[in-house]
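Dumped data_35.txt below, it's compact mmCIF, C-alpha atoms:
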# COMPACT_ATOMS: atom_id res chain seq x y z
CA MET A 1 0.00 0.00 0.00
CA ASN A 2 2.85 2.41 0.83
CA LEU A 3 4.43 1.68 -2.57
CA LEU A 4 1.15 2.40 -4.35
CA THR A 5 0.76 5.64 -2.39
CA ARG A 6 4.26 6.80 -3.34
CA LEU A 7 3.73 5.93 -6.99
CA SER A 8 0.38 7.72 -7.09
CA ARG A 9 1.90 10.82 -5.52
CA LYS A 10 4.78 10.79 -8.00
CA TRP A 11 2.85 10.00 -11.19
CA LEU A 12 -0.69 11.19 -10.51
CA SER A 13 0.11 14.42 -8.62
CA VAL A 14 -2.01 13.40 -5.63
CA PRO A 15 -2.52 16.42 -3.32
CA PRO A 16 -0.64 16.49 0.00
CA ARG A 17 -2.20 14.69 2.93
CA HIS A 18 -4.83 16.55 4.98
CA SER A 19 -5.80 18.68 1.96
CA ARG A 20 -9.39 19.85 2.13
CA TRP A 21 -11.72 18.76 -0.64
CA ARG A 22 -12.31 22.38 -1.63
CA GLU A 23 -8.58 22.88 -2.13
CA VAL A 24 -8.62 20.00 -4.61
CA MET A 25 -11.99 20.55 -6.29
CA ARG A 26 -11.82 24.30 -6.92
CA PRO A 27 -8.78 24.22 -9.25
CA ALA A 28 -10.16 21.12 -11.00
CA THR A 29 -13.55 22.78 -11.52
CA ARG A 30 -11.92 25.97 -12.83
CA GLN A 31 -9.78 23.97 -15.24
CA THR A 32 -12.77 21.97 -16.48
CA ILE A 33 -14.77 25.11 -17.24
CA ARG A 34 -11.80 26.80 -18.92
CA VAL A 35 -11.15 23.83 -21.21
CA LEU A 36 -14.81 23.52 -22.18
CA VAL A 37 -15.06 27.25 -22.88
CA SER A 38 -11.84 27.15 -24.93
CA VAL A 39 -13.17 24.29 -27.05
CA VAL A 40 -16.52 26.02 -27.59
CA VAL A 41 -14.91 29.36 -28.49
CA ALA A 42 -12.48 27.62 -30.86
CA TRP A 43 -15.45 25.96 -32.57
CA ILE A 44 -17.30 29.29 -32.87
CA VAL A 45 -14.27 31.14 -34.25
CA GLY A 46 -13.52 28.33 -36.67
CA SER A 47 -17.13 28.34 -37.89
CA LEU A 48 -17.12 32.12 -38.34
CA MET A 49 -13.89 31.85 -40.34
CA HIS A 50 -15.42 29.00 -42.39
CA LEU A 51 -12.47 26.76 -41.73
CA GLN A 52 -12.82 23.46 -43.55
CA GLU A 53 -11.29 21.45 -40.70
CA THR A 54 -12.30 23.23 -37.50
CA ILE A 55 -11.69 20.03 -35.55
CA TRP A 56 -7.96 20.83 -35.34
CA ALA A 57 -8.74 24.11 -33.59
CA LEU A 58 -10.79 22.18 -31.03
CA VAL A 59 -8.05 19.60 -30.50
CA THR A 60 -5.43 22.32 -30.08
CA ALA A 61 -7.58 24.24 -27.59
CA LEU A 62 -8.05 21.03 -25.60
CA ILE A 63 -4.29 20.42 -25.48
CA VAL A 64 -3.03 23.94 -24.87
CA THR A 65 -5.48 25.15 -22.19
CA GLN A 66 -3.86 24.42 -18.83
CA SER A 67 -4.74 25.05 -15.20
CA SER A 68 -2.75 28.28 -15.01
CA ILE A 69 -1.87 31.14 -17.33
CA SER A 70 1.84 30.34 -17.00
CA GLN A 71 1.38 26.71 -18.01
CA THR A 72 -0.93 27.72 -20.85
CA MET A 73 1.61 30.21 -22.20
CA THR A 74 4.38 27.62 -21.99
CA THR A 75 2.29 24.97 -23.77
CA ALA A 76 1.23 27.53 -26.39
CA ARG A 77 4.87 28.40 -27.04
CA ASP A 78 5.72 24.71 -27.43
CA GLN A 79 2.73 24.23 -29.73
CA ILE A 80 3.67 27.17 -31.98
CA SER A 81 7.33 26.18 -32.27
CA GLY A 82 6.41 22.54 -32.90
CA THR A 83 3.78 23.56 -35.45
CA LEU A 84 6.24 25.65 -37.44
CA ILE A 85 8.86 22.89 -37.54
CA GLY A 86 6.27 20.23 -38.27
CA ALA A 87 4.74 22.35 -41.04
CA LEU A 88 8.16 22.80 -42.65
CA ALA A 89 8.71 19.05 -42.50
CA GLY A 90 5.23 18.52 -43.97
CA VAL A 91 6.00 20.78 -46.92
CA CYS A 92 9.21 18.86 -47.59
CA ALA A 93 7.33 15.56 -47.37
CA VAL A 94 4.68 16.78 -49.86
CA VAL A 95 7.37 17.96 -52.28
CA LEU A 96 9.13 14.59 -52.02
CA GLU A 97 5.84 12.80 -52.60
CA ILE A 98 5.13 14.85 -55.74
CA THR A 99 8.70 14.33 -57.00
CA THR A 100 9.04 10.61 -56.31
CA GLY A 101 5.41 9.45 -56.45
CA LEU A 102 5.92 7.62 -53.14
CA ARG A 103 3.62 8.06 -50.16
CA TRP A 104 5.25 6.58 -47.06
CA ILE A 105 8.96 6.93 -47.74
CA PRO A 106 8.88 10.79 -47.57
CA PHE A 107 6.90 10.56 -44.33
CA TRP A 108 9.47 8.34 -42.60
CA ILE A 109 12.34 10.43 -43.95
CA MET A 110 10.88 13.55 -42.36
CA LEU A 111 9.60 11.86 -39.17
CA ALA A 112 12.97 10.38 -38.12
CA PRO A 113 14.79 13.72 -37.56
CA LEU A 114 11.72 15.15 -35.80
CA VAL A 115 11.65 12.23 -33.38
CA PHE A 116 15.36 12.74 -32.74
CA LEU A 117 14.79 16.46 -32.07
CA SER A 118 11.94 15.59 -29.68
CA ALA A 119 14.24 13.22 -27.81
CA ILE A 120 16.76 16.04 -27.36
CA GLN A 121 14.16 18.75 -26.69
CA PRO A 122 10.81 17.34 -25.46
CA THR A 123 9.10 20.70 -26.04
CA LEU A 124 9.32 19.98 -29.79
CA ARG A 125 7.08 16.91 -29.50
CA PHE A 126 4.27 18.83 -31.25
CA ALA A 127 6.37 18.86 -34.45
CA CYS A 128 5.78 15.13 -34.98
CA ILE A 129 2.04 15.56 -34.35
CA THR A 130 1.85 18.46 -36.80
CA LEU A 131 3.63 16.45 -39.49
CA MET A 132 1.07 13.67 -39.12
CA ILE A 133 -1.83 16.14 -39.20
CA VAL A 134 -0.74 17.98 -42.33
CA TYR A 135 0.55 14.97 -44.25
CA LEU A 136 -1.18 11.74 -43.28
CA PHE A 137 -4.82 12.77 -42.93
CA PRO A 138 -6.67 12.40 -46.24
CA SER A 139 -7.45 15.48 -48.33
CA GLN A 140 -8.75 16.37 -51.77
CA GLY A 141 -7.47 18.78 -54.39
CA SER A 142 -4.16 20.57 -53.96
CA PRO A 143 -1.92 18.90 -51.32
CA PHE A 144 -0.89 22.31 -49.97
CA LEU A 145 -4.37 23.81 -49.42
CA PRO A 146 -5.42 21.37 -46.65
CA MET A 147 -2.05 21.94 -45.03
CA ILE A 148 -2.69 25.68 -44.86
CA THR A 149 -6.22 25.30 -43.47
CA ARG A 150 -5.08 22.82 -40.83
CA LEU A 151 -2.23 25.08 -39.73
CA LEU A 152 -4.63 28.01 -39.55
CA ALA A 153 -6.97 25.94 -37.38
CA ILE A 154 -4.09 25.09 -35.04
CA VAL A 155 -3.19 28.79 -34.75
CA VAL A 156 -6.84 29.60 -33.95
CA GLY A 157 -6.84 26.96 -31.21
CA VAL A 158 -3.64 28.36 -29.69
CA ALA A 159 -4.91 31.95 -29.78
CA VAL A 160 -8.20 31.00 -28.12
CA SER A 161 -6.38 29.03 -25.42
CA ILE A 162 -4.20 32.03 -24.57
CA VAL A 163 -7.09 34.50 -24.38
CA VAL A 164 -9.68 32.43 -22.48
CA PRO A 165 -7.78 32.12 -19.13
CA PHE A 166 -7.60 35.94 -18.87
CA PHE A 167 -11.40 36.25 -18.99
CA ILE A 168 -12.93 32.99 -17.74
CA LEU A 169 -12.71 32.40 -13.96
CA HIS A 170 -9.66 34.60 -13.75
CA SER A 171 -8.08 33.16 -10.61
CA SER A 172 -6.73 35.52 -7.99
CA ALA A 173 -3.16 34.28 -7.75
CA ARG A 174 -2.47 36.57 -4.81
CA LYS A 175 -5.30 35.03 -2.81
CA GLN A 176 -4.14 31.54 -3.68
CA ALA A 177 -0.54 32.36 -2.72
CA PHE A 178 -1.38 33.68 0.75
CA HIS A 179 -3.82 30.83 1.34
CA THR A 180 -1.11 28.32 0.43
CA ALA A 181 1.43 30.13 2.62
CA ALA A 182 -0.97 29.85 5.57
CA ARG A 183 -1.39 26.13 4.97
CA LEU A 184 2.38 25.74 4.73
CA LEU A 185 2.97 27.52 8.04
CA ARG A 186 0.40 25.33 9.79
CA ARG A 187 2.08 22.23 8.34
CA MET A 188 5.39 23.48 9.76
CA ASP A 189 3.71 23.74 13.16
CA GLN A 190 2.45 20.16 12.82
CA LEU A 191 5.95 19.04 11.80
CA LEU A 192 7.48 20.50 14.99
CA LYS A 193 4.73 18.88 17.06
CA SER A 194 5.55 15.53 15.49
CA ALA A 195 9.21 15.98 16.44
CA LEU A 196 8.10 16.03 20.11
CA ASP A 197 6.16 12.79 19.77
CA GLN A 198 8.06 9.85 21.26
CA ASN A 199 6.30 7.43 18.89
CA MET A 200 7.08 9.44 15.76
CA GLY A 201 10.14 8.30 13.82
CA TRP A 202 12.28 10.64 11.73
CA ALA A 203 11.15 8.97 8.51
CA ALA A 204 7.56 9.98 9.25
CA ILE A 205 8.70 13.55 9.94
CA GLU A 206 10.52 13.60 6.59
CA ARG A 207 7.30 12.52 4.86
CA GLN A 208 5.58 15.51 6.45
CA SER A 209 8.44 17.63 5.13
CA ASP A 210 7.73 16.30 1.63
CA ASP A 211 4.15 17.57 1.98
CA CYS A 212 5.52 20.96 2.98
CA VAL A 213 7.78 20.98 -0.08
CA ALA A 214 4.74 20.24 -2.26
CA LEU A 215 2.96 23.25 -0.75
CA LEU A 216 6.05 25.38 -1.30
CA THR A 217 6.02 24.39 -4.98
CA GLU A 218 2.33 25.29 -5.13
CA LEU A 219 3.13 28.67 -3.59
CA GLU A 220 5.88 29.33 -6.15
CA ASP A 221 3.48 28.42 -8.96
CA ALA A 222 0.88 30.85 -7.59
CA VAL A 223 3.42 33.69 -7.45
CA THR A 224 4.55 32.88 -10.99
CA GLU A 225 0.90 33.06 -12.02
CA ALA A 226 0.60 36.45 -10.34
CA ARG A 227 3.49 37.73 -12.44
CA ARG A 228 1.57 36.77 -15.58
CA GLU A 229 -1.76 38.26 -14.54
CA ARG A 230 -0.70 41.89 -14.82
CA TRP A 231 1.70 43.82 -17.04
CA LYS A 232 3.24 45.76 -14.16
CA GLU A 233 6.23 44.09 -12.51
CA LEU A 234 5.22 42.13 -9.40
CA GLU A 235 8.05 43.55 -7.27
CA LYS A 236 6.61 47.03 -7.80
CA ARG A 237 2.87 46.37 -7.47
CA ASP A 238 3.03 43.74 -4.71
CA PRO A 239 6.53 43.39 -3.20
CA VAL A 240 5.23 41.37 -0.24
CA LEU A 241 3.83 38.71 -2.53
CA ALA A 242 7.02 38.67 -4.62
CA SER A 243 9.16 37.92 -1.54
CA LEU A 244 6.81 35.26 -0.11
CA PRO A 245 8.35 32.14 -1.77
CA ARG A 246 11.91 32.97 -0.67
CA LEU A 247 10.71 33.70 2.84
CA MET A 248 8.68 30.49 3.16
CA ARG A 249 11.54 28.43 1.73
CA ARG A 250 13.90 29.80 4.37
CA LEU A 251 11.39 29.20 7.18
CA LEU A 252 10.84 25.63 6.02
CA ASN A 253 14.59 24.96 6.06
CA ASP A 254 14.82 26.44 9.57
CA THR A 255 11.85 24.40 10.75
CA MET A 256 13.47 21.17 9.60
CA LEU A 257 16.66 22.09 11.45
CA VAL A 258 14.69 22.87 14.61
CA ALA A 259 12.69 19.65 14.24
CA ARG A 260 15.93 17.68 13.97
CA ALA A 261 17.33 19.40 17.05
CA ILE A 262 14.09 18.75 18.98
CA ALA A 263 14.11 15.07 17.98
CA THR A 264 17.75 14.78 19.06
CA GLY A 265 17.07 16.54 22.34
CA ARG A 266 14.02 14.36 22.95
CA ALA A 267 16.13 11.22 22.53
CA ALA A 268 18.72 12.67 24.94
CA GLY A 269 16.07 13.31 27.60
CA ASN A 270 15.91 17.11 27.31
CA THR A 271 12.88 18.24 29.36
CA GLY A 272 12.76 21.86 28.21
CA LEU A 273 11.42 21.17 24.76
CA LEU A 274 7.70 21.67 25.38
CA PRO A 275 7.99 25.39 26.25
CA LEU A 276 10.24 25.78 23.22
CA TYR A 277 7.66 24.18 20.95
CA LYS A 278 4.83 26.30 22.40
CA GLY A 279 6.68 29.50 21.56
CA LEU A 280 7.52 28.38 18.04
CA SER A 281 4.01 27.06 17.47
CA HIS A 282 2.46 30.34 18.52
CA ALA A 283 4.70 32.23 16.12
CA LEU A 284 3.93 29.97 13.15
CA ARG A 285 0.18 29.96 13.82
CA ALA A 286 0.14 33.74 14.19
CA LEU A 287 1.92 34.12 10.86
CA ALA A 288 -0.53 31.69 9.25
CA HIS A 289 -3.44 33.73 10.62
CA SER A 290 -1.85 36.90 9.28
CA CYS A 291 -1.57 35.32 5.81
CA GLU A 292 -5.25 34.42 5.97
CA GLU A 293 -6.05 37.98 7.02
CA GLN A 294 -4.35 39.19 3.83
CA LEU A 295 -7.34 37.74 1.98
CA ARG A 296 -9.85 39.84 3.89
CA ALA A 297 -10.37 43.51 4.66
CA LYS A 298 -7.52 45.72 5.77
CA ARG A 299 -6.48 45.11 9.32
CA ASN A 300 -5.97 47.59 12.12
CA GLN A 301 -2.30 48.56 12.04
CA HIS A 302 -2.11 49.25 15.78
CA GLU A 303 -3.41 45.79 16.64
CA GLN A 304 -0.96 44.21 14.23
CA GLN A 305 1.98 46.06 15.79
CA SER A 306 1.04 44.74 19.24
CA GLU A 307 0.74 41.21 17.91
CA ASP A 308 4.15 41.50 16.21
CA GLU A 309 5.82 42.36 19.48
CA GLU A 310 3.95 39.59 21.29
CA ILE A 311 5.20 36.95 18.84
CA LEU A 312 8.82 37.95 19.23
CA ASP A 313 8.55 38.25 23.03
CA LEU A 314 7.08 34.74 23.36
CA LEU A 315 9.98 33.12 21.57
CA PRO A 316 12.23 31.24 23.99
CA ARG A 317 15.40 33.11 24.87
CA LEU A 318 18.53 31.72 23.26
CA GLU A 319 20.42 31.67 26.53
CA GLU A 320 17.77 29.35 27.98
CA GLN A 321 18.73 26.64 25.50
CA THR A 322 21.51 24.62 27.08
CA ARG A 323 22.36 22.47 24.08
CA PRO A 324 24.66 24.26 21.58
CA GLU A 325 22.91 22.83 18.51
CA MET A 326 19.57 24.15 19.78
CA ARG A 327 21.01 27.62 20.36
CA PHE A 328 22.39 27.60 16.81
CA VAL A 329 19.18 26.55 15.05
CA MET A 330 17.11 28.86 17.22
CA SER A 331 19.29 31.82 16.25
CA LEU A 332 18.65 31.01 12.58
CA PHE A 333 14.94 30.53 13.14
CA ARG A 334 14.55 33.75 15.12
CA GLU A 335 16.36 35.79 12.46
CA ASP A 336 14.13 34.50 9.67
CA LEU A 337 11.04 34.75 11.83
CA GLU A 338 11.72 38.43 12.40
CA ARG A 339 11.93 38.81 8.62
CA ALA A 340 8.63 36.98 8.23
CA VAL A 341 6.94 39.18 10.79
CA GLY A 342 8.20 42.27 8.99
CA VAL A 343 7.05 41.07 5.57
CA VAL A 344 3.75 39.35 6.34
CA MET A 345 2.45 41.26 9.35
CA ARG A 346 3.90 44.72 8.71
CA SER A 347 3.84 44.53 4.89
CA ASP A 348 7.47 45.63 4.81
CA ALA A 349 9.05 43.86 1.84
CA SER A 350 12.44 45.38 2.63
CA ALA A 351 12.65 43.01 5.62
CA ALA A 352 13.18 40.14 3.17
CA LYS A 353 16.41 41.62 1.79
CA GLY A 354 19.35 39.30 2.12
CA LEU A 355 17.36 36.09 1.59

As a first step, turn the structure in this file into structure tokens.
Amino acid sequence: MNLLTRLSRKWLSVPPRHSRWREVMRPATRQTIRVLVSVVVAWIVGSLMHLQETIWALVTALIVTQSSISQTMTTARDQISGTLIGALAGVCAVVLEITTGLRWIPFWIMLAPLVFLSAIQPTLRFACITLMIVYLFPSQGSPFLPMITRLLAIVVGVAVSIVVPFFILHSSARKQAFHTAARLLRRMDQLLKSALDQNMGWAAIERQSDDCVALLTELEDAVTEARRERWKELEKRDPVLASLPRLMRRLLNDTMLVARAIATGRAAGNTGLLPLYKGLSHALRALAHSCEEQLRAKRNQHEQQSEDEEILDLLPRLEEQTRPEMRFVMSLFREDLERAVGVVMRSDASAAKGL
């Protein structure tokens, strides 16, 4: 069962454990609607343009439309480059067919180098598909006219796929990023709690760390999406959001170091770990709550300032940690936590400098 779980997480992109059903269903529902709208719009545009083979616009829209604007743009770029190369190979194959009177030999001659290019650069895989579309599918009349109409249909499908995500269920990447950051911080809290558990082995804690890494990747994807959503540079219009991935990555690294030190101290019989965990837990949960508050109305600045000071005051003092490794990791954690408080709770992006 554990092997099947690992394989499903690696190959099927299963969401991290403890994910709420809404966190899984909302992106899937948005993607479903976007793909359906892209296919319908591609069919309408193809019909208005009186394309003879509108089906290729529909197929292209189905392939290119992805769950995010960034992924859609990347797939569209791969589709366009592959289409151009495949179209050139198709023209050469048609010319060879007219010259030699052979049907399949020109196809294999042109397919072999395209397959080799795809092996070197997987983003060119669409070139082989385009060659098959423009050359193998039956057509009547001039051999070049169907090729032109099919290529035009592919371009229509790509154009529709690029435009639709900007208008249909335009996801708020900022909201998603802060929501994911809050989830990540709460997972860090759970990871530290597991390090205190006598029955929890380090392998289980590392699996929890893998879930945190998956959330960190999700956060980075959301910030990348935010860069695509507007023309203005993200560092200028939302510097706090731009610094969030680097900050969370540093906090996750610190949390793993602290968890390791806690687990080591627990095995050595250190009895002062529970107060340490309570202080760290309060700080992480307060930061998570602050990230969630970023999604709502503006907060009272005076209340936030008081809460900032409370978080830092509740952290255990370094001199109270007798073990040298704990003092070291706590100094790292406190430094990055102060940065996080400045960025997330005070909206001061300059606090993230030096990360």

**Counting all atoms listed in the file, the option among A:Glu235, A:Glu220, A:Glu53, A:Glu229 closest to Val156 (chain A)** =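 For Val156 (chain A), the nearest of the given residues is A:Glu53.
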
**Complete:** Min atom-atom distance to Val41 (chain A) from the set A:Ala286, A:Ala340, A:Ala181, A:Val163, counting all atoms listed in the file, belongs to A:Val163

**Request:** Please identify all polymer residues within 12 Å of Val223 (chain A), counting only C-alpha atoms, omitting same-chain residues fewer than 4 positions from it, and present them as a VMD selection string.
**Result:** chain A and resid 68 to 70 171 to 181 216 to 219 227 to 230 233 to 235 238 to 246

**Request:** Find the residues near Gly201 (chain A): any atom within 12 Å, counting only C-alpha atoms, skip ones fewer than 4 places away on the same chain, and give them as an NGL selection string.
**Result:** :A and (191 or 194-197 or 205-208 or 259-260 or 263-264 or 266-267)

**Fill in**
Atom pair CA of Thr224 (chain A) + CA of His289 (chain A), distance 23.1 Å

**Message:** Would you pick out the contacts of Phe333 (chain A) at 10 Å or less, using all atoms listed in the file, so that residues sharing its chain but fewer than 6 positions from it are not included, and give the list as JSON, numbers by chain?
**Reply:** {"A": [250, 251, 252, 253, 254, 255, 257, 258, 280, 327, 339]}

**Gap from CA of Phe166 (chain A) to CA of Ser347 (chain A) - Å, one decimal** =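 Between these atoms lies a distance of 27.7 Å.
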
**Asked** What lies within 8 Å of Val164 (chain A) using all atoms listed in the file, ignoring chain neighbours under 6 positions off, as a ChimeraX atom specification?
**Response** /A:34,37-38

Next, dump the selected residues to file, keeping only C-alpha atoms, as a short mmCIF file (atom, residue, chain, number, x, y, z; two decimals), in the frame of the given file.
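What landed in result16.cif:
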data_model
loop_
_atom_site.label_atom_id
_atom_site.label_comp_id
_atom_site.auth_asym_id
_atom_site.auth_seq_id
_atom_site.Cartn_x
_atom_site.Cartn_y
_atom_site.Cartn_z
CA ARG A 34 -11.80 26.80 -18.92
CA VAL A 37 -15.06 27.25 -22.88
CA SER A 38 -11.84 27.15 -24.93
#

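Closest approach to Asp189 (chain A) from the set A:Ile133, A:Ile80, A:Ala226, A:Met256 is made by A:Met256, with distances taken over only C-alpha atoms.
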
**Asked** To one decimal place, how far is CA of Ile154 (chain A) from CA of Ala57 (chain A) in Å?
**Response** 5.0 Å

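Nearest to Ala61 (chain A) of all the residues A:Ala127, A:Cys92, A:Ala159, A:Ala112 is A:Ala159, based on all atoms listed in the file.
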
Let me have the centre and edge lengths in Å, one decimal, of the box along x, y and z around every listed atom of region 144-159 of chain A with 5 Å of margin on each side, as AutoDock Vina command-line options.
--center_x -3.9 --center_y 26.7 --center_z -39.8 --size_x 16.1 --size_y 20.6 --size_z 30.3

**Asked** Given the choices A:Ile262, A:Arg237, A:His50, A:Pro106, which gets closest to Trp202 (chain A) if the distance is worked out from all atoms listed in the file?
**Response**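 The shortest atom-to-atom distance to Trp202 (chain A) comes from A:Ile262.
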
**Prompt:** If you count all atoms listed in the file, which residues fall within 10 Å of region 136-142 of chain A, apart from same-chain ones fewer than 5 positions away, as a count of residues only?
**Reply:** 7

**Request:** List every protein, DNA or RNA residue that has an atom no more than 12 Å from (9.3, 22.5, -39.3) in the file's coordinate frame, counting only C-alpha atoms, and report them as an MDAnalysis selection string.
**Result:** chainID A and resid 79:93 110:111 113:114 117 124:131 134 151
